[in-house]
Amino acid sequence: MNALKKTITAATLGLSLVATSAAADDLAAVHAFYDIFTKPGPESNAAFLAATSEDWKSYADYSGNYEVREDLLPRSAGIVAFMPDLEFTIEAIHQDGDFVIVRSRSIATPAGEFMGVDPQGRNFDIMNIDIHELKDGKLVNMWHIEDWATAMRQMSGQ
């Protein structure tokens with residue numbers, strides 16, 4: 001009985017280490033997404049492409065429209081150029097199976113008119129919520145929402 005108990009304990013520990021390793025790989029894939037905004041350049045772009053499936057999709061609403069990874073890379077470079085002081089901070093991450101939920105904060109000062117608002121040098125400080133879906137260790141889908149109503153209010157001086 002003692003040998004059986006040791007075998008079960010060893011097997012449980014082994015599965016735990018495998019699960020922990022898989023979770024760490026999943027989080028590394030998720031971080032590759034954010035790095036294209038926080039550490040822009042060829043290395044982060046290559047890491048993002050390696051972390052995503054070829055048919056990765058990003059959804060921002062229920063219209064059925066989505067963005068693909070090849071379109072995101074030039075747009076992320078444009079965002080960084082338009083908001084060179086962008087501070088992006090991950091404040092919480094929760095993983096449940098193949099889904100990783102990220103709550104983050106974005107602070108930036110747009111260099112000009114943004115979403116129809118002239119910020120006149122004012123910045124915004126908003127919350128973002130992202131849900132990443134992974135399959136076989138690669139990002140396959142992302143659903144996200146940013147608090148743009150608050151950003152517009154802050155940039156309007158309200």
# chains A, B, ... in the order shown; residues from 1 in each chain; ligands from 1
$ select_by_dssp --residues "segment 70-154 of chain A" --states "strand (DSSP E)" --output "PyMOL selection string"
chain A and resi 87-96+99-108+124-135+138-146
$ residues_around --residues "segment 102-112 of chain A" --least-positions-apart "6" --cutoff "8 Å" --atoms "only C-alpha atoms" --output "PyMOL selection string"
chain A and resi 82-94+118-131
$ residues_around --residues "Thr52 of chain A" --least-positions-apart "5" --cutoff "12 Å" --atoms "only C-alpha atoms" --output "PyMOL selection string"
chain A and resi 26+28-33+45-47+57-58+68-70+72+132-142
$ write_last_selection --atoms "C-alpha atoms" --output "mmCIF file, in the first residue's frame"
data_model
loop_
_atom_site.group_PDB
_atom_site.id
_atom_site.type_symbol
_atom_site.label_atom_id
_atom_site.label_comp_id
_atom_site.auth_asym_id
_atom_site.auth_seq_id
_atom_site.Cartn_x
_atom_site.Cartn_y
_atom_site.Cartn_z
ATOM 1 C CA ASP A 26 0.038 29.947 -22.200
ATOM 2 C CA ALA A 28 4.053 33.587 -22.292
ATOM 3 C CA ALA A 29 1.872 33.492 -25.417
ATOM 4 C CA VAL A 30 -0.510 36.054 -23.878
ATOM 5 C CA HIS A 31 2.392 38.333 -22.920
ATOM 6 C CA ALA A 32 3.634 38.177 -26.542
ATOM 7 C CA PHE A 33 0.411 39.957 -27.527
ATOM 8 C CA ASN A 45 6.465 41.140 -33.707
ATOM 9 C CA ALA A 46 8.179 37.790 -34.361
ATOM 10 C CA ALA A 47 7.254 36.548 -30.870
ATOM 11 C CA LYS A 57 -8.824 36.658 -34.751
ATOM 12 C CA SER A 58 -9.471 39.663 -32.521
ATOM 13 C CA VAL A 68 -6.292 39.242 -38.143
ATOM 14 C CA ARG A 69 -2.738 39.155 -36.874
ATOM 15 C CA GLU A 70 -1.170 40.527 -40.077
ATOM 16 C CA LEU A 72 -2.689 44.113 -36.079
ATOM 17 C CA HIS A 132 -7.648 35.159 -24.918
ATOM 18 C CA GLU A 133 -8.459 31.657 -26.168
ATOM 19 C CA LEU A 134 -5.614 29.204 -26.686
ATOM 20 C CA LYS A 135 -5.411 25.912 -28.515
ATOM 21 C CA ASP A 136 -2.317 23.744 -28.374
ATOM 22 C CA GLY A 137 -0.402 26.583 -26.698
ATOM 23 C CA LYS A 138 -1.195 29.167 -29.393
ATOM 24 C CA LEU A 139 -3.526 32.163 -29.235
ATOM 25 C CA VAL A 140 -6.500 31.533 -31.536
ATOM 26 C CA ASN A 141 -9.090 34.155 -30.549
ATOM 27 C CA MET A 142 -9.288 37.323 -28.511
#
$ atom_distance --atom1 "atom CA of Asp61 of chain A" --atom2 "atom CA of Trp143 of chain A"
7.9 Å
$ atom_distance --atom1 "atom CA of Ile101 of chain A" --atom2 "atom CA of Ile145 of chain A"
11.7 Å
$ select_by_dssp --residues "segment 40-145 of chain A" --states "alpha helix (DSSP H)" --output "ChimeraX atom specification"
/A:42-51,69-82
$ write_last_selection --atoms "N, CA and C atoms" --output "compact mmCIF listing (two decimals), in the first residue's frame"
# COMPACT_ATOMS: atom_id res chain seq x y z
N PRO A 42 10.91 44.45 -34.18
CA PRO A 42 10.93 43.17 -34.90
C PRO A 42 10.89 41.94 -33.98
N GLU A 43 11.57 42.02 -32.83
CA GLU A 43 11.58 40.85 -31.93
C GLU A 43 10.20 40.57 -31.35
N SER A 44 9.53 41.62 -30.88
CA SER A 44 8.20 41.40 -30.31
C SER A 44 7.21 41.00 -31.40
N ASN A 45 7.34 41.55 -32.61
CA ASN A 45 6.46 41.14 -33.71
C ASN A 45 6.65 39.66 -34.02
N ALA A 46 7.89 39.21 -34.08
CA ALA A 46 8.18 37.79 -34.36
C ALA A 46 7.63 36.90 -33.25
N ALA A 47 7.77 37.33 -32.00
CA ALA A 47 7.25 36.55 -30.87
C ALA A 47 5.73 36.47 -30.93
N PHE A 48 5.07 37.58 -31.31
CA PHE A 48 3.61 37.58 -31.45
C PHE A 48 3.17 36.61 -32.53
N LEU A 49 3.85 36.65 -33.68
CA LEU A 49 3.49 35.73 -34.77
C LEU A 49 3.70 34.28 -34.35
N ALA A 50 4.75 34.01 -33.59
CA ALA A 50 5.03 32.64 -33.13
C ALA A 50 4.00 32.19 -32.09
N ALA A 51 3.44 33.13 -31.34
CA ALA A 51 2.50 32.79 -30.26
C ALA A 51 1.06 32.66 -30.74
N ARG A 69 -4.04 38.79 -37.43
CA ARG A 69 -2.74 39.16 -36.87
C ARG A 69 -1.89 40.00 -37.82
N GLU A 70 -1.96 39.76 -39.13
CA GLU A 70 -1.17 40.53 -40.08
C GLU A 70 -1.61 41.99 -40.13
N ASP A 71 -2.89 42.26 -39.82
CA ASP A 71 -3.39 43.64 -39.78
C ASP A 71 -3.05 44.31 -38.45
N LEU A 72 -2.95 43.54 -37.40
CA LEU A 72 -2.69 44.11 -36.08
C LEU A 72 -1.28 44.69 -35.97
N LEU A 73 -0.30 44.04 -36.56
CA LEU A 73 1.08 44.50 -36.39
C LEU A 73 1.29 45.93 -36.90
N PRO A 74 0.87 46.29 -38.11
CA PRO A 74 1.05 47.69 -38.52
C PRO A 74 0.21 48.66 -37.67
N ARG A 75 -0.97 48.21 -37.26
CA ARG A 75 -1.83 49.08 -36.43
C ARG A 75 -1.19 49.30 -35.07
N SER A 76 -0.59 48.26 -34.48
CA SER A 76 0.05 48.43 -33.17
C SER A 76 1.22 49.41 -33.27
N ALA A 77 1.97 49.36 -34.37
CA ALA A 77 3.07 50.32 -34.57
C ALA A 77 2.51 51.74 -34.68
N GLY A 78 1.37 51.89 -35.35
CA GLY A 78 0.73 53.20 -35.46
C GLY A 78 0.25 53.73 -34.13
N ILE A 79 -0.30 52.84 -33.31
CA ILE A 79 -0.77 53.23 -31.97
C ILE A 79 0.40 53.73 -31.14
N VAL A 80 1.49 52.98 -31.16
CA VAL A 80 2.68 53.35 -30.38
C VAL A 80 3.23 54.69 -30.87
N ALA A 81 3.25 54.92 -32.17
CA ALA A 81 3.75 56.19 -32.72
C ALA A 81 2.83 57.35 -32.36
N PHE A 82 1.51 57.12 -32.36
CA PHE A 82 0.53 58.17 -32.07
C PHE A 82 0.45 58.47 -30.58
$ closest_residue --among "A:Ala60, A:Ile36, A:Val100, A:Met115" --to "His144 of chain A" --atoms "only C-alpha atoms"
A:Ala60
$ atom_distance --atom1 "atom CA of Ala149 of chain A" --atom2 "atom CA of Pro40 of chain A"
26.3 Å
$ decode --residues "segment 20-57 of chain A" --atoms "N, CA, C and O atoms" --output "short mmCIF file (atom, residue, chain, number, x, y, z; two decimals), in the first residue's frame"
data_model
loop_
_atom_site.label_atom_id
_atom_site.label_comp_id
_atom_site.auth_asym_id
_atom_site.auth_seq_id
_atom_site.Cartn_x
_atom_site.Cartn_y
_atom_site.Cartn_z
N THR A 20 1.45 23.09 -14.72
CA THR A 20 2.09 24.37 -14.42
C THR A 20 2.92 24.83 -15.61
O THR A 20 2.90 26.00 -15.97
N SER A 21 3.63 23.92 -16.25
CA SER A 21 4.44 24.26 -17.41
C SER A 21 3.56 24.73 -18.56
O SER A 21 3.87 25.72 -19.23
N ALA A 22 2.44 24.03 -18.79
CA ALA A 22 1.52 24.42 -19.86
C ALA A 22 0.94 25.80 -19.57
O ALA A 22 0.83 26.64 -20.47
N ALA A 23 0.56 26.06 -18.32
CA ALA A 23 0.02 27.36 -17.95
C ALA A 23 1.06 28.46 -18.16
O ALA A 23 0.74 29.55 -18.64
N ALA A 24 2.31 28.18 -17.82
CA ALA A 24 3.39 29.16 -18.03
C ALA A 24 3.56 29.45 -19.51
O ALA A 24 3.76 30.60 -19.91
N ASP A 25 3.49 28.42 -20.36
CA ASP A 25 3.59 28.61 -21.80
C ASP A 25 2.42 29.44 -22.32
O ASP A 25 2.60 30.31 -23.18
N ASP A 26 1.21 29.18 -21.79
CA ASP A 26 0.04 29.95 -22.20
C ASP A 26 0.22 31.42 -21.84
O ASP A 26 -0.08 32.31 -22.64
N LEU A 27 0.70 31.69 -20.63
CA LEU A 27 0.90 33.07 -20.21
C LEU A 27 1.99 33.75 -21.04
O LEU A 27 1.89 34.94 -21.33
N ALA A 28 3.02 33.02 -21.42
CA ALA A 28 4.05 33.59 -22.29
C ALA A 28 3.45 33.99 -23.64
O ALA A 28 3.78 35.04 -24.19
N ALA A 29 2.55 33.17 -24.16
CA ALA A 29 1.87 33.49 -25.42
C ALA A 29 1.04 34.76 -25.26
O ALA A 29 1.05 35.65 -26.12
N VAL A 30 0.31 34.87 -24.14
CA VAL A 30 -0.51 36.05 -23.88
C VAL A 30 0.38 37.29 -23.78
O VAL A 30 0.08 38.34 -24.36
N HIS A 31 1.48 37.18 -23.06
CA HIS A 31 2.39 38.33 -22.92
C HIS A 31 2.95 38.76 -24.28
O HIS A 31 3.21 39.96 -24.48
N ALA A 32 3.14 37.83 -25.20
CA ALA A 32 3.63 38.18 -26.54
C ALA A 32 2.68 39.15 -27.24
O ALA A 32 3.12 40.02 -28.00
N PHE A 33 1.38 39.01 -26.96
CA PHE A 33 0.41 39.96 -27.53
C PHE A 33 0.68 41.36 -27.01
O PHE A 33 0.75 42.33 -27.77
N TYR A 34 0.84 41.52 -25.71
CA TYR A 34 1.00 42.85 -25.11
C TYR A 34 2.36 43.46 -25.44
O TYR A 34 2.48 44.69 -25.51
N ASP A 35 3.35 42.63 -25.67
CA ASP A 35 4.69 43.14 -25.97
C ASP A 35 4.75 43.94 -27.26
O ASP A 35 5.59 44.83 -27.41
N ILE A 36 3.84 43.69 -28.22
CA ILE A 36 3.87 44.47 -29.46
C ILE A 36 3.49 45.93 -29.19
O ILE A 36 3.80 46.81 -30.00
N PHE A 37 2.85 46.19 -28.05
CA PHE A 37 2.51 47.56 -27.66
C PHE A 37 3.53 48.14 -26.67
O PHE A 37 3.77 49.34 -26.68
N THR A 38 4.08 47.31 -25.81
CA THR A 38 4.97 47.81 -24.76
C THR A 38 6.45 47.71 -25.10
O THR A 38 7.27 48.42 -24.53
N LYS A 39 6.79 46.82 -26.02
CA LYS A 39 8.18 46.65 -26.47
C LYS A 39 8.18 46.51 -27.99
O LYS A 39 8.56 45.48 -28.53
N PRO A 40 7.71 47.55 -28.70
CA PRO A 40 7.54 47.41 -30.15
C PRO A 40 8.87 47.17 -30.87
O PRO A 40 9.92 47.66 -30.44
N GLY A 41 8.78 46.39 -31.93
CA GLY A 41 9.96 46.14 -32.75
C GLY A 41 9.91 44.77 -33.37
O GLY A 41 8.99 43.98 -33.13
N PRO A 42 10.91 44.45 -34.18
CA PRO A 42 10.93 43.17 -34.90
C PRO A 42 10.89 41.94 -33.98
O PRO A 42 10.23 40.95 -34.31
N GLU A 43 11.57 42.02 -32.83
CA GLU A 43 11.58 40.85 -31.93
C GLU A 43 10.20 40.57 -31.35
O GLU A 43 9.76 39.42 -31.31
N SER A 44 9.53 41.62 -30.88
CA SER A 44 8.20 41.40 -30.31
C SER A 44 7.21 41.00 -31.40
O SER A 44 6.31 40.19 -31.15
N ASN A 45 7.34 41.55 -32.61
CA ASN A 45 6.46 41.14 -33.71
C ASN A 45 6.65 39.66 -34.02
O ASN A 45 5.67 38.92 -34.21
N ALA A 46 7.89 39.21 -34.08
CA ALA A 46 8.18 37.79 -34.36
C ALA A 46 7.63 36.90 -33.25
O ALA A 46 7.06 35.84 -33.51
N ALA A 47 7.77 37.33 -32.00
CA ALA A 47 7.25 36.55 -30.87
C ALA A 47 5.73 36.47 -30.93
O ALA A 47 5.14 35.42 -30.66
N PHE A 48 5.07 37.58 -31.31
CA PHE A 48 3.61 37.58 -31.45
C PHE A 48 3.17 36.61 -32.53
O PHE A 48 2.24 35.82 -32.33
N LEU A 49 3.85 36.65 -33.68
CA LEU A 49 3.49 35.73 -34.77
C LEU A 49 3.70 34.28 -34.35
O LEU A 49 2.90 33.41 -34.68
N ALA A 50 4.75 34.01 -33.59
CA ALA A 50 5.03 32.64 -33.13
C ALA A 50 4.00 32.19 -32.09
O ALA A 50 3.70 31.00 -31.99
N ALA A 51 3.44 33.13 -31.34
CA ALA A 51 2.50 32.79 -30.26
C ALA A 51 1.06 32.66 -30.74
O ALA A 51 0.20 32.18 -30.00
N THR A 52 0.79 33.07 -31.98
CA THR A 52 -0.58 33.06 -32.49
C THR A 52 -0.73 32.04 -33.60
O THR A 52 0.19 31.77 -34.35
N SER A 53 -1.94 31.50 -33.72
CA SER A 53 -2.24 30.61 -34.83
C SER A 53 -2.36 31.44 -36.10
O SER A 53 -2.58 32.66 -36.04
N GLU A 54 -2.21 30.80 -37.24
CA GLU A 54 -2.30 31.53 -38.51
C GLU A 54 -3.66 32.17 -38.72
O GLU A 54 -3.78 33.17 -39.41
N ASP A 55 -4.69 31.60 -38.09
CA ASP A 55 -6.04 32.17 -38.25
C ASP A 55 -6.52 32.91 -37.00
O ASP A 55 -7.71 33.02 -36.75
N TRP A 56 -5.58 33.46 -36.21
CA TRP A 56 -5.92 34.23 -35.01
C TRP A 56 -6.86 35.36 -35.38
O TRP A 56 -6.71 36.00 -36.43
N LYS A 57 -7.85 35.59 -34.52
CA LYS A 57 -8.82 36.66 -34.75
C LYS A 57 -9.01 37.45 -33.47
O LYS A 57 -9.01 36.90 -32.37
#
